[in-house]
Amino acid sequence: MLNEVNLVGRISNVPRISRTKANVSVITCNVANQRSENYVDFIQCVFFDQEYLEKRLKKRYEDFS
């Protein structure tokens, strides 16, 4: 069974990219999703084994490190 979630929002902090002992990439970040004009939800996201995403985030956020 495959679970799929689509979040629409902005990454609200600099993503933390690390690797496990088995050399699997782990990316942790928060996504800000605005429910209405006065409410914003911050959703913590963890991505495993996402080489494409890791390359894109490193390129985008390399100036913040």
# chains A, B, ... in the order shown; residues from 1 in each chain; ligands from 1

$ select_by_dssp --residues "range 13-61 of chain A" --states "strand (DSSP E or B)" --output "list in words"
Arg16, Ile17, Ser18, Arg19, Ser25, Val26, Ile27, Thr28, Cys29, Asn30, Val31, Ala32, Asn33, Gln34, Val40, Asp41, Phe42, Ile43, Gln44, Cys45, Val46, Phe47 and Phe48 of chain A

$ closest_atom_pairs --of "range 29-54 of chain A" --to "range 7-25 of chain A" --cutoff "6 Å" --atoms "only C-alpha atoms" --output "Markdown table"
| residue | atom | partner | partner_atom | distance |
| --- | --- | --- | --- | --- |
| A:Cys29 | CA | A:Pro15 | CA | 4.7 |
| A:Asn30 | CA | A:Ser12 | CA | 5.6 |
| A:Val31 | CA | A:Ile11 | CA | 4.5 |
| A:Ala32 | CA | A:Arg10 | CA | 5.3 |
| A:Asn33 | CA | A:Gly9 | CA | 4.6 |
| A:Phe48 | CA | A:Ser25 | CA | 5.8 |
| A:Asp49 | CA | A:Ser25 | CA | 4.9 |

$ atom_distance --atom1 "CA of Gln34 in chain A" --atom2 "CA of Glu4 in chain A"
20.3 Å

$ select_by_dssp --residues "chain A" --states "helix (DSSP H, G or I)" --output "PyMOL selection string"
chain A and resi 51-61

$ write_last_selection --atoms "N, CA, C and O atoms" --output "compact mmCIF listing (two decimals), in the first residue's frame"
# COMPACT_ATOMS: atom_id res chain seq x y z
N GLU A 51 17.21 11.59 -3.26
CA GLU A 51 18.42 12.16 -3.84
C GLU A 51 18.12 13.40 -4.68
O GLU A 51 18.84 14.39 -4.64
N TYR A 52 17.05 13.37 -5.46
CA TYR A 52 16.68 14.52 -6.29
C TYR A 52 16.38 15.74 -5.42
O TYR A 52 16.86 16.84 -5.68
N LEU A 53 15.59 15.54 -4.39
CA LEU A 53 15.23 16.63 -3.49
C LEU A 53 16.46 17.17 -2.76
O LEU A 53 16.61 18.37 -2.58
N GLU A 54 17.36 16.28 -2.37
CA GLU A 54 18.58 16.69 -1.68
C GLU A 54 19.41 17.61 -2.57
O GLU A 54 19.90 18.66 -2.12
N LYS A 55 19.56 17.27 -3.83
CA LYS A 55 20.34 18.10 -4.75
C LYS A 55 19.70 19.46 -4.95
O LYS A 55 20.37 20.49 -4.97
N ARG A 56 18.38 19.49 -5.09
CA ARG A 56 17.67 20.76 -5.29
C ARG A 56 17.77 21.65 -4.06
O ARG A 56 17.95 22.86 -4.17
N LEU A 57 17.61 21.08 -2.86
CA LEU A 57 17.65 21.88 -1.64
C LEU A 57 19.05 22.39 -1.36
O LEU A 57 19.22 23.53 -0.91
N LYS A 58 20.07 21.58 -1.62
CA LYS A 58 21.45 22.04 -1.42
C LYS A 58 21.74 23.23 -2.31
O LYS A 58 22.35 24.20 -1.90
N LYS A 59 21.31 23.15 -3.56
CA LYS A 59 21.54 24.23 -4.51
C LYS A 59 20.81 25.50 -4.07
O LYS A 59 21.34 26.60 -4.13
N ARG A 60 19.59 25.35 -3.59
CA ARG A 60 18.78 26.50 -3.21
C ARG A 60 19.25 27.16 -1.91
O ARG A 60 19.21 28.37 -1.78
N TYR A 61 19.69 26.36 -0.95
CA TYR A 61 20.01 26.87 0.37
C TYR A 61 21.49 26.88 0.70
O TYR A 61 21.86 27.06 1.84

$ atom_distance --atom1 "CA of Ile43 in chain A" --atom2 "CA of Met1 in chain A"
23.2 Å

$ decode --residues "range 16-29 of chain A" --atoms "all heavy atoms" --output "PDB file, in the first residue's frame"
ATOM      1  N   ARG A  16      17.451  20.568   6.994  1.00  0.00           N
ATOM      2  CA  ARG A  16      18.612  19.864   7.540  1.00  0.00           C
ATOM      3  C   ARG A  16      18.758  18.562   6.769  1.00  0.00           C
ATOM      4  O   ARG A  16      17.845  17.743   6.731  1.00  0.00           O
ATOM      5  CB  ARG A  16      18.422  19.588   9.025  1.00  0.00           C
ATOM      6  CG  ARG A  16      19.709  19.110   9.687  1.00  0.00           C
ATOM      7  CD  ARG A  16      19.531  18.909  11.158  1.00  0.00           C
ATOM      8  NE  ARG A  16      18.873  17.601  11.310  1.00  0.00           N
ATOM      9  CZ  ARG A  16      18.089  17.277  12.312  1.00  0.00           C
ATOM     10  NH1 ARG A  16      17.832  18.138  13.258  1.00  0.00           N
ATOM     11  NH2 ARG A  16      17.556  16.077  12.380  1.00  0.00           N
ATOM     12  N   ILE A  17      19.906  18.396   6.138  1.00  0.00           N
ATOM     13  CA  ILE A  17      20.170  17.208   5.336  1.00  0.00           C
ATOM     14  C   ILE A  17      21.250  16.399   6.041  1.00  0.00           C
ATOM     15  O   ILE A  17      22.312  16.914   6.365  1.00  0.00           O
ATOM     16  CB  ILE A  17      20.626  17.590   3.919  1.00  0.00           C
ATOM     17  CG1 ILE A  17      19.559  18.446   3.239  1.00  0.00           C
ATOM     18  CG2 ILE A  17      20.933  16.349   3.095  1.00  0.00           C
ATOM     19  CD1 ILE A  17      19.986  19.058   1.925  1.00  0.00           C
ATOM     20  N   SER A  18      20.949  15.125   6.298  1.00  0.00           N
ATOM     21  CA  SER A  18      21.917  14.244   6.945  1.00  0.00           C
ATOM     22  C   SER A  18      21.837  12.871   6.301  1.00  0.00           C
ATOM     23  O   SER A  18      21.026  12.636   5.405  1.00  0.00           O
ATOM     24  CB  SER A  18      21.635  14.166   8.447  1.00  0.00           C
ATOM     25  OG  SER A  18      20.331  13.673   8.669  1.00  0.00           O
ATOM     26  N   ARG A  19      22.684  11.973   6.758  1.00  0.00           N
ATOM     27  CA  ARG A  19      22.706  10.608   6.231  1.00  0.00           C
ATOM     28  C   ARG A  19      22.721   9.620   7.386  1.00  0.00           C
ATOM     29  O   ARG A  19      23.283   9.887   8.441  1.00  0.00           O
ATOM     30  CB  ARG A  19      23.933  10.384   5.366  1.00  0.00           C
ATOM     31  CG  ARG A  19      23.899  11.216   4.111  1.00  0.00           C
ATOM     32  CD  ARG A  19      24.756  10.566   3.045  1.00  0.00           C
ATOM     33  NE  ARG A  19      24.539  11.195   1.767  1.00  0.00           N
ATOM     34  CZ  ARG A  19      23.638  10.783   0.886  1.00  0.00           C
ATOM     35  NH1 ARG A  19      22.874   9.764   1.143  1.00  0.00           N
ATOM     36  NH2 ARG A  19      23.497  11.401  -0.262  1.00  0.00           N
ATOM     37  N   THR A  20      22.087   8.485   7.159  1.00  0.00           N
ATOM     38  CA  THR A  20      22.091   7.416   8.148  1.00  0.00           C
ATOM     39  C   THR A  20      23.375   6.601   7.996  1.00  0.00           C
ATOM     40  O   THR A  20      24.172   6.842   7.075  1.00  0.00           O
ATOM     41  CB  THR A  20      20.880   6.487   7.956  1.00  0.00           C
ATOM     42  OG1 THR A  20      20.993   5.857   6.675  1.00  0.00           O
ATOM     43  CG2 THR A  20      19.578   7.251   8.055  1.00  0.00           C
ATOM     44  N   LYS A  21      23.574   5.630   8.884  1.00  0.00           N
ATOM     45  CA  LYS A  21      24.753   4.763   8.785  1.00  0.00           C
ATOM     46  C   LYS A  21      24.732   3.927   7.515  1.00  0.00           C
ATOM     47  O   LYS A  21      25.762   3.519   7.013  1.00  0.00           O
ATOM     48  CB  LYS A  21      24.828   3.852  10.008  1.00  0.00           C
ATOM     49  CG  LYS A  21      25.155   4.593  11.268  1.00  0.00           C
ATOM     50  CD  LYS A  21      25.232   3.667  12.449  1.00  0.00           C
ATOM     51  CE  LYS A  21      25.510   4.467  13.714  1.00  0.00           C
ATOM     52  NZ  LYS A  21      25.551   3.600  14.893  1.00  0.00           N
ATOM     53  N   ALA A  22      23.536   3.686   6.992  1.00  0.00           N
ATOM     54  CA  ALA A  22      23.390   2.923   5.747  1.00  0.00           C
ATOM     55  C   ALA A  22      23.478   3.824   4.517  1.00  0.00           C
ATOM     56  O   ALA A  22      23.130   3.401   3.415  1.00  0.00           O
ATOM     57  CB  ALA A  22      22.064   2.182   5.757  1.00  0.00           C
ATOM     58  N   ASN A  23      23.914   5.082   4.697  1.00  0.00           N
ATOM     59  CA  ASN A  23      24.104   6.061   3.626  1.00  0.00           C
ATOM     60  C   ASN A  23      22.795   6.432   2.915  1.00  0.00           C
ATOM     61  O   ASN A  23      22.763   6.662   1.714  1.00  0.00           O
ATOM     62  CB  ASN A  23      25.144   5.580   2.618  1.00  0.00           C
ATOM     63  CG  ASN A  23      25.755   6.735   1.860  1.00  0.00           C
ATOM     64  OD1 ASN A  23      25.778   7.864   2.344  1.00  0.00           O
ATOM     65  ND2 ASN A  23      26.255   6.466   0.679  1.00  0.00           N
ATOM     66  N   VAL A  24      21.706   6.484   3.669  1.00  0.00           N
ATOM     67  CA  VAL A  24      20.411   6.920   3.143  1.00  0.00           C
ATOM     68  C   VAL A  24      20.210   8.379   3.550  1.00  0.00           C
ATOM     69  O   VAL A  24      20.390   8.725   4.715  1.00  0.00           O
ATOM     70  CB  VAL A  24      19.266   6.043   3.705  1.00  0.00           C
ATOM     71  CG1 VAL A  24      17.919   6.566   3.265  1.00  0.00           C
ATOM     72  CG2 VAL A  24      19.449   4.600   3.277  1.00  0.00           C
ATOM     73  N   SER A  25      19.861   9.226   2.593  1.00  0.00           N
ATOM     74  CA  SER A  25      19.683  10.640   2.918  1.00  0.00           C
ATOM     75  C   SER A  25      18.386  10.842   3.712  1.00  0.00           C
ATOM     76  O   SER A  25      17.373  10.203   3.452  1.00  0.00           O
ATOM     77  CB  SER A  25      19.664  11.490   1.654  1.00  0.00           C
ATOM     78  OG  SER A  25      18.561  11.159   0.860  1.00  0.00           O
ATOM     79  N   VAL A  26      18.456  11.756   4.696  1.00  0.00           N
ATOM     80  CA  VAL A  26      17.304  12.131   5.516  1.00  0.00           C
ATOM     81  C   VAL A  26      17.219  13.650   5.503  1.00  0.00           C
ATOM     82  O   VAL A  26      18.175  14.337   5.845  1.00  0.00           O
ATOM     83  CB  VAL A  26      17.438  11.625   6.971  1.00  0.00           C
ATOM     84  CG1 VAL A  26      16.245  12.050   7.801  1.00  0.00           C
ATOM     85  CG2 VAL A  26      17.605  10.120   7.002  1.00  0.00           C
ATOM     86  N   ILE A  27      16.085  14.177   5.071  1.00  0.00           N
ATOM     87  CA  ILE A  27      15.880  15.616   4.982  1.00  0.00           C
ATOM     88  C   ILE A  27      14.752  15.993   5.925  1.00  0.00           C
ATOM     89  O   ILE A  27      13.669  15.409   5.875  1.00  0.00           O
ATOM     90  CB  ILE A  27      15.530  16.034   3.544  1.00  0.00           C
ATOM     91  CG1 ILE A  27      16.645  15.602   2.589  1.00  0.00           C
ATOM     92  CG2 ILE A  27      15.287  17.534   3.459  1.00  0.00           C
ATOM     93  CD1 ILE A  27      16.273  15.698   1.133  1.00  0.00           C
ATOM     94  N   THR A  28      15.000  16.973   6.802  1.00  0.00           N
ATOM     95  CA  THR A  28      14.005  17.439   7.757  1.00  0.00           C
ATOM     96  C   THR A  28      13.772  18.932   7.525  1.00  0.00           C
ATOM     97  O   THR A  28      14.729  19.702   7.440  1.00  0.00           O
ATOM     98  CB  THR A  28      14.486  17.221   9.203  1.00  0.00           C
ATOM     99  OG1 THR A  28      14.860  15.853   9.354  1.00  0.00           O
ATOM    100  CG2 THR A  28      13.410  17.555  10.203  1.00  0.00           C
ATOM    101  N   CYS A  29      12.497  19.327   7.419  1.00  0.00           N
ATOM    102  CA  CYS A  29      12.161  20.733   7.249  1.00  0.00           C
ATOM    103  C   CYS A  29      10.720  20.965   7.684  1.00  0.00           C
ATOM    104  O   CYS A  29       9.981  20.023   7.957  1.00  0.00           O
ATOM    105  CB  CYS A  29      12.359  21.179   5.810  1.00  0.00           C
ATOM    106  SG  CYS A  29      11.281  20.375   4.632  1.00  0.00           S
TER     107      CYS A  29
END
